[in-house]
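Student: Sending over a structure as structure tokens; questions will come in a sec.
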Amino acid sequence: MGRPPEIVRWSGRRLDFAASQRRQAAGHGGAAVLARSEVCHYVVFDVLKLRGRNVMGQPLSERRALLEELFAPLPVAGALALSMHTRDEAEARVWYETMHVAGVEGPGDQTGPLAL
């Protein structure tokens, strides 16, 4: 099964987990106010169903292509964001080792659940 979408808040060049927590704890009215002052993005990693058709049985590469088609007409800087993706193992390793500087959990993050 694919990874579910995630709501993230960028603050400069880092993810701001505390801002996400504030929105969640603010309740409906407070979240509406924070939605204007602390804009979040809805990051999509996979597509499992498209126009009523179950596509879970298709390879990830085909589902990714479907997702990229869906995102093609959307503004790049919009609230909907397509996750980073690579088929290059070396590039993926670099991301895994270095993305902690942007607040993404990984082995370089000495405080998160993946800390060594």
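To be explicit about the labels: the chains of the structure tokens are called A, B, and onward in the order shown, and within each one the residues are counted from 1, while ligands get numbers from 1 in the order they are shown.
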Excluding same-chain residues fewer than 6 positions from Val33 in chain A, what lies within 12 Å of it counting only C-alpha atoms, as a ChimeraX atom specification?

Tutor: /A:22-23,26-27,39

Student: Would you give me, as JSON, numbers by chain, the residues in chain A that DSSP reads as alpha helix (DSSP H)?

Tutor: {"A": [17, 18, 19, 20, 21, 22, 23, 24, 25, 27, 28, 29, 30, 31, 32, 33, 34, 35, 36, 37, 60, 61, 62, 63, 64, 65, 66, 67, 68, 69, 70, 71, 89, 90, 91, 92, 93, 94, 95, 96, 97, 98]}

Student: May I ask which of the residues A:Val8, A:Val55, A:Ala102, A:Leu67 is the closest one to Cys40 in chain A, counting only C-alpha atoms?

Tutor: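 Among the listed residues, A:Val8 lies closest to Cys40 in chain A.
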
Student: Please measure the separation of CA of Glu68 in chain A and CA of Glu91 in chain A, giving the value in Å to one decimal.

Tutor: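 Computing the Euclidean distance for CA of Glu68 in chain A and CA of Glu91 in chain A yields 19.5 Å.
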
Student: Run DSSP on the backbone and tell me which residues of chain A come out as strand (DSSP E); list them as a VMD selection string.

Tutor: chain A and resid 6 to 8 10 to 11 14 to 15 41 to 44 49 to 50 53 to 54 80 to 82

Student: What is the CA of Arg36 in chain A-CA of Gln24 in chain A distance in Å, reported with one decimal?

Tutor: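 The value is 14.3 Å.
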
Student: Using only C-alpha atoms for the distances, tell me which of A:Met84, A:Val47, A:Met56, A:Val94 is nearest to Glu69 in chain A.

Tutor: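 So, comparing all the options, the nearest one is A:Val47.
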
Student: Can you work out the spacing between CA of Arg13 in chain A and CA of Tyr96 in chain A in Å, to one decimal?

Tutor: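 Spanning CA of Arg13 in chain A to CA of Tyr96 in chain A is a straight-line distance of 16.7 Å.
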
Student: Pick out the closest residue to Asp16 in chain A from this set: A:Val104, A:Leu60, A:Leu66, A:Ala77. Count only C-alpha atoms.

Tutor: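 Ranking A:Val104, A:Leu60, A:Leu66, A:Ala77 by distance to Asp16 in chain A, first place goes to A:Val104.
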
Student: Tell me, as a VMD selection string, which residues lie within 12 Å of Gln58 in chain A, counting only C-alpha atoms; anything in the same chain fewer than 3 positions away does not count.

Tutor: chain A and resid 1 to 2 46 to 50 53 to 55 61 to 66

Student: Could you tell me which of A:Ile7, A:Val44, A:Ala72, A:Ala25 comes closest to His85 in chain A if we count only C-alpha atoms?

Tutor: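 That would be A:Val44, the residue with the smallest distance to His85 in chain A.
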